[in-house]
Amino acid sequence: MSLIQELTWRGMIHDSMPGIEEHLEEQMRAGYVGVDPTADSLHIGHLVSIMMLKHMQVAGHKPVALVGGATGMIGDPSGKSKERNLLTEDILRKNQEGIKHQLMKFLDFESNEPNKAELVNNYDWMKEFSFLDFIRDVGKHITVNYMMAKDSVKKRLSGESADGMSFTEFTYQLVQGYDFLQLYRDQSCTIQMGGSDQWGNITTGTELIRRMDQGKAFAITCPLITKADGSKFGKTEGGNVWLDPEKTSPYKFVQFWLNTSDEDAEKYIKIFTLLSEATISGLINEHKEAPHLRLLQKTLAKEITIMVHGEEDYKNAVFASEILFKKGQEAIDGLKSMNAKLIKDVFDGVPQANLTAKEVSEGISIVDALVTKGSFLKSNGEARRELKQNSISVNKAKVTEDYTLEPKDLIDNKYILLQKGKKNYFLVNVLD
């Protein structure tokens, strides 16, 4: 398959300029995607454009990832109702390093192949560009009429916001357009890719290349990913789903993909994995025969988590997930084998209480742990009632009213897991 055919069957093309397929078939081409550097980690909202770069490299073309250090200082009005906060150069550099580390999991930056990936920062060529030079050398080639016709500009100007649109934001498309021109000149880059909301900014770049260098350049945009229920893709109650394991743990990352609907999983597995069309078609058919097994979700979670975090983190996340649903000695042994970080990730958000190592070494009755020390249950009476009904567990093992928490109950010398019934978990954090 050609690159365009590959992206098309995966549902990753929203718009493309005529002639791009022939352009790609003539020789190795360079294409780029701009990445917003407002954080030191990418999130899954970036994954579509990153996967476009990945497919470009697999197809033998050269991917270029542009970190928008200069444009990050301005703020892109596309799809936004407010202007972004401006960033300092130090923060932008720190964010760039974090982003490159994550991109290296998807793209080959290190080989000697002619299509090895490149990382560039538009701040490097914009920082010495004076305002007078920019409006003289670049601004005169694009009319205000042309800029005003862009949807991203029209939406902001016709919106309900009393703030309107600043001149800074208005110039964004010119700065992004100049990036394309710069990469056209420096990297022979003839293709820019991005989300469908970027079409106006990207085509400003192709127009600059045509007017200033009499060159031919192309645009490809991918659809903005939505969820079947209409809610925003990539968001949870805790905010963005990040690629940085310190911001979103591998366990929570896996859970996000496992919890996708059947309809979304069928769409996402094409976009976020490298599995072939035949393999995916087989998985979809198999899933439809037994949807309760959630084969699509499990395969999607596995493929994307291994790509982002690695196989070990994926296996640990699955192991932790399975422990929650197991019973008996297998559940007890499995829980005790988990490390403190995994326990913290899995049970983040459940009620927690702190005890000292001295208190645990001296022994604490289960009733005190549930009520006085932990405040997990309302009263001693409630605790005793639940204990008599065999509803309380310590580290997945049922206990009675005379049970005492001791150092032997510690998981990785740090935690003790209490449980009422099947779904109510309480985590005791034991401090030194």
# chains A, B, ... in the order shown; residues from 1 in each chain; ligands from 1
$ select_by_dssp --residues "stretch 64-285 of chain A" --states "strand (DSSP E)" --output "PyMOL selection string"
chain A and resi 64-67+118-121+189-195+218-222+235-236+239-240
$ residues_around --residues "stretch 173-179 of chain A" --least-positions-apart "5" --cutoff "6 Å" --atoms "only C-alpha atoms" --output "PyMOL selection string"
chain A and resi 201+204-205
$ write_last_selection --atoms "C-alpha atoms" --output "mmCIF file, in the first residue's frame"
data_model
loop_
_atom_site.group_PDB
_atom_site.id
_atom_site.type_symbol
_atom_site.label_atom_id
_atom_site.label_comp_id
_atom_site.auth_asym_id
_atom_site.auth_seq_id
_atom_site.Cartn_x
_atom_site.Cartn_y
_atom_site.Cartn_z
ATOM 1 C CA ASN A 201 -2.816 27.240 9.070
ATOM 2 C CA THR A 204 -1.183 29.304 4.562
ATOM 3 C CA GLY A 205 2.204 27.572 4.562
#
$ closest_residue --among "A:Gly363, A:Gly68, A:Gly60, A:Gly282" --to "A:Pro37" --atoms "only C-alpha atoms"
A:Gly68
$ residues_around --residues "stretch 139-151 of chain A" --least-positions-apart "4" --cutoff "9 Å" --atoms "only C-alpha atoms" --output "ChimeraX atom specification"
/A:78,134-135,155-156,170-171,173-174,197,199-201,204,207-208,211-212
$ closest_residue --among "A:Ile271, A:Leu342, A:Val138, A:Val67" --to "A:Thr8" --atoms "only C-alpha atoms"
A:Ile271
$ select_by_dssp --residues "stretch 155-399 of chain A" --states "alpha helix (DSSP H)" --output "JSON, numbers by chain"
{"A": [155, 156, 157, 167, 168, 169, 170, 172, 173, 174, 175, 176, 177, 178, 179, 180, 181, 182, 183, 184, 185, 186, 187, 199, 200, 201, 202, 203, 204, 205, 206, 207, 208, 209, 210, 211, 212, 213, 250, 251, 252, 253, 254, 255, 256, 257, 258, 262, 263, 264, 265, 266, 267, 268, 269, 270, 271, 277, 278, 279, 280, 281, 282, 283, 284, 285, 286, 287, 288, 289, 295, 296, 297, 298, 299, 300, 301, 302, 303, 304, 305, 306, 307, 308, 309, 311, 312, 313, 314, 315, 316, 317, 318, 319, 320, 321, 322, 323, 324, 325, 328, 329, 330, 331, 332, 333, 334, 335, 336, 340, 341, 342, 343, 344, 345, 346, 357, 358, 359, 360, 361, 362, 366, 367, 368, 369, 370, 380, 381, 382, 383, 384, 385, 386, 387, 388]}
$ atom_distance --atom1 "atom CA of A:Gln102" --atom2 "atom CA of A:Asn122"
19.0 Å
$ decode --residues "stretch 62-213 of chain A" --atoms "C-alpha atoms" --output "mmCIF file, in the first residue's frame"
data_model
loop_
_atom_site.group_PDB
_atom_site.id
_atom_site.type_symbol
_atom_site.label_atom_id
_atom_site.label_comp_id
_atom_site.auth_asym_id
_atom_site.auth_seq_id
_atom_site.Cartn_x
_atom_site.Cartn_y
_atom_site.Cartn_z
ATOM 1 C CA LYS A 62 11.292 11.168 6.297
ATOM 2 C CA PRO A 63 9.299 12.337 9.350
ATOM 3 C CA VAL A 64 10.048 15.691 10.953
ATOM 4 C CA ALA A 65 8.592 16.592 14.343
ATOM 5 C CA LEU A 66 8.469 20.324 14.924
ATOM 6 C CA VAL A 67 8.242 21.511 18.512
ATOM 7 C CA GLY A 68 6.477 24.854 18.393
ATOM 8 C CA GLY A 69 8.696 26.811 20.758
ATOM 9 C CA ALA A 70 7.928 30.114 19.042
ATOM 10 C CA THR A 71 4.279 29.389 18.298
ATOM 11 C CA GLY A 72 3.924 28.061 21.849
ATOM 12 C CA MET A 73 4.789 31.552 23.011
ATOM 13 C CA ILE A 74 1.838 32.904 21.006
ATOM 14 C CA GLY A 75 -1.018 30.423 21.187
ATOM 15 C CA ASP A 76 -2.996 28.893 18.336
ATOM 16 C CA PRO A 77 -6.573 30.184 17.975
ATOM 17 C CA SER A 78 -7.753 27.057 16.132
ATOM 18 C CA GLY A 79 -10.579 25.502 18.109
ATOM 19 C CA LYS A 80 -9.789 27.667 21.109
ATOM 20 C CA SER A 81 -11.957 30.306 22.708
ATOM 21 C CA LYS A 82 -9.168 31.799 24.796
ATOM 22 C CA GLU A 83 -5.544 32.739 24.325
ATOM 23 C CA ARG A 84 -2.904 30.433 25.775
ATOM 24 C CA ASN A 85 -0.514 31.360 28.533
ATOM 25 C CA LEU A 86 2.868 32.426 27.186
ATOM 26 C CA LEU A 87 5.883 30.255 28.082
ATOM 27 C CA THR A 88 9.483 31.104 28.952
ATOM 28 C CA GLU A 89 12.393 29.761 26.902
ATOM 29 C CA ASP A 90 13.635 27.584 29.805
ATOM 30 C CA ILE A 91 10.260 25.896 30.181
ATOM 31 C CA LEU A 92 10.000 25.362 26.432
ATOM 32 C CA ARG A 93 13.443 23.686 26.314
ATOM 33 C CA LYS A 94 12.540 21.406 29.216
ATOM 34 C CA ASN A 95 9.281 20.490 27.519
ATOM 35 C CA GLN A 96 11.095 19.797 24.242
ATOM 36 C CA GLU A 97 13.382 17.253 25.919
ATOM 37 C CA GLY A 98 10.421 15.441 27.475
ATOM 38 C CA ILE A 99 8.597 15.359 24.151
ATOM 39 C CA LYS A 100 11.619 14.036 22.229
ATOM 40 C CA HIS A 101 12.068 11.203 24.730
ATOM 41 C CA GLN A 102 8.494 10.115 24.067
ATOM 42 C CA LEU A 103 8.708 10.524 20.288
ATOM 43 C CA MET A 104 11.731 8.205 20.240
ATOM 44 C CA LYS A 105 9.396 5.348 21.186
ATOM 45 C CA PHE A 106 7.566 5.841 17.891
ATOM 46 C CA LEU A 107 10.168 7.195 15.486
ATOM 47 C CA ASP A 108 13.733 6.255 14.569
ATOM 48 C CA PHE A 109 15.936 9.282 15.270
ATOM 49 C CA GLU A 110 19.228 7.383 15.645
ATOM 50 C CA SER A 111 19.866 5.274 12.539
ATOM 51 C CA ASN A 112 21.960 6.211 9.534
ATOM 52 C CA GLU A 113 19.030 5.699 7.180
ATOM 53 C CA PRO A 114 18.232 8.660 4.899
ATOM 54 C CA ASN A 115 14.685 8.762 6.300
ATOM 55 C CA LYS A 116 15.657 8.932 9.959
ATOM 56 C CA ALA A 117 13.413 11.261 11.941
ATOM 57 C CA GLU A 118 14.393 14.836 12.820
ATOM 58 C CA LEU A 119 13.295 17.024 15.716
ATOM 59 C CA VAL A 120 13.317 20.791 15.172
ATOM 60 C CA ASN A 121 12.141 23.778 17.195
ATOM 61 C CA ASN A 122 10.764 26.823 15.392
ATOM 62 C CA TYR A 123 12.105 29.047 18.165
ATOM 63 C CA ASP A 124 15.587 28.399 16.734
ATOM 64 C CA TRP A 125 14.809 30.327 13.542
ATOM 65 C CA MET A 126 12.245 32.751 14.914
ATOM 66 C CA LYS A 127 14.185 34.109 17.912
ATOM 67 C CA GLU A 128 16.469 36.325 15.779
ATOM 68 C CA PHE A 129 13.699 37.389 13.412
ATOM 69 C CA SER A 130 12.811 41.018 14.120
ATOM 70 C CA PHE A 131 9.228 42.175 13.822
ATOM 71 C CA LEU A 132 10.148 44.610 11.030
ATOM 72 C CA ASP A 133 11.965 41.894 9.077
ATOM 73 C CA PHE A 134 9.049 39.511 9.464
ATOM 74 C CA ILE A 135 6.358 41.900 8.250
ATOM 75 C CA ARG A 136 8.588 43.075 5.395
ATOM 76 C CA ASP A 137 9.832 39.670 4.198
ATOM 77 C CA VAL A 138 6.861 37.445 5.017
ATOM 78 C CA GLY A 139 3.788 39.483 5.899
ATOM 79 C CA LYS A 140 3.609 41.294 2.570
ATOM 80 C CA HIS A 141 3.022 38.004 0.732
ATOM 81 C CA ILE A 142 -0.267 37.155 2.496
ATOM 82 C CA THR A 143 -3.210 39.547 2.445
ATOM 83 C CA VAL A 144 -5.433 40.316 5.421
ATOM 84 C CA ASN A 145 -8.397 39.194 3.278
ATOM 85 C CA TYR A 146 -6.754 35.771 2.897
ATOM 86 C CA MET A 147 -6.121 35.487 6.644
ATOM 87 C CA MET A 148 -9.619 36.660 7.582
ATOM 88 C CA ALA A 149 -11.170 33.953 5.400
ATOM 89 C CA LYS A 150 -9.715 31.168 7.567
ATOM 90 C CA ASP A 151 -12.311 29.339 9.662
ATOM 91 C CA SER A 152 -10.176 29.516 12.821
ATOM 92 C CA VAL A 153 -10.142 33.325 12.552
ATOM 93 C CA LYS A 154 -13.796 33.705 11.547
ATOM 94 C CA LYS A 155 -14.993 31.569 14.464
ATOM 95 C CA ARG A 156 -13.115 33.669 16.988
ATOM 96 C CA LEU A 157 -14.232 36.975 15.514
ATOM 97 C CA SER A 158 -17.879 35.929 15.274
ATOM 98 C CA GLY A 159 -17.943 34.265 18.694
ATOM 99 C CA GLU A 160 -19.658 35.458 21.815
ATOM 100 C CA SER A 161 -16.421 36.248 23.615
ATOM 101 C CA ALA A 162 -16.138 39.950 24.378
ATOM 102 C CA ASP A 163 -12.342 39.642 24.253
ATOM 103 C CA GLY A 164 -12.271 39.029 20.513
ATOM 104 C CA MET A 165 -8.915 37.976 19.098
ATOM 105 C CA SER A 166 -5.562 39.563 19.792
ATOM 106 C CA PHE A 167 -3.177 40.612 17.045
ATOM 107 C CA THR A 168 -0.721 38.086 18.489
ATOM 108 C CA GLU A 169 -3.088 35.221 17.787
ATOM 109 C CA PHE A 170 -4.102 36.655 14.431
ATOM 110 C CA THR A 171 -0.482 36.383 13.271
ATOM 111 C CA TYR A 172 -0.257 32.715 14.327
ATOM 112 C CA GLN A 173 -1.054 31.364 10.880
ATOM 113 C CA LEU A 174 1.713 33.503 9.379
ATOM 114 C CA VAL A 175 4.253 32.158 11.867
ATOM 115 C CA GLN A 176 3.147 28.573 11.259
ATOM 116 C CA GLY A 177 3.171 29.214 7.530
ATOM 117 C CA TYR A 178 6.741 30.490 7.788
ATOM 118 C CA ASP A 179 7.713 27.277 9.615
ATOM 119 C CA PHE A 180 6.609 25.310 6.565
ATOM 120 C CA LEU A 181 8.624 27.623 4.307
ATOM 121 C CA GLN A 182 11.699 27.246 6.530
ATOM 122 C CA LEU A 183 11.458 23.447 6.534
ATOM 123 C CA TYR A 184 10.829 23.483 2.779
ATOM 124 C CA ARG A 185 14.111 25.336 2.370
ATOM 125 C CA ASP A 186 16.193 23.520 5.027
ATOM 126 C CA GLN A 187 14.824 19.967 4.932
ATOM 127 C CA SER A 188 13.211 19.839 1.467
ATOM 128 C CA CYS A 189 10.000 19.293 3.446
ATOM 129 C CA THR A 190 6.988 19.364 1.113
ATOM 130 C CA ILE A 191 4.219 17.956 3.320
ATOM 131 C CA GLN A 192 2.631 19.189 6.524
ATOM 132 C CA MET A 193 0.199 17.030 8.491
ATOM 133 C CA GLY A 194 -2.086 17.854 11.402
ATOM 134 C CA GLY A 195 -5.617 17.797 12.750
ATOM 135 C CA SER A 196 -8.490 18.965 10.578
ATOM 136 C CA ASP A 197 -8.680 22.188 12.622
ATOM 137 C CA GLN A 198 -5.200 23.016 11.275
ATOM 138 C CA TRP A 199 -6.177 23.054 7.589
ATOM 139 C CA GLY A 200 -6.214 26.851 7.419
ATOM 140 C CA ASN A 201 -2.816 27.240 9.070
ATOM 141 C CA ILE A 202 -1.256 24.495 6.927
ATOM 142 C CA THR A 203 -2.560 25.876 3.645
ATOM 143 C CA THR A 204 -1.183 29.304 4.562
ATOM 144 C CA GLY A 205 2.204 27.572 4.562
ATOM 145 C CA THR A 206 1.659 25.997 1.156
ATOM 146 C CA GLU A 207 0.613 29.409 -0.136
ATOM 147 C CA LEU A 208 3.760 31.088 1.241
ATOM 148 C CA ILE A 209 5.926 28.424 -0.409
ATOM 149 C CA ARG A 210 4.147 29.018 -3.704
ATOM 150 C CA ARG A 211 4.365 32.821 -3.534
ATOM 151 C CA MET A 212 7.872 33.215 -2.080
ATOM 152 C CA ASP A 213 9.736 30.242 -3.598
#
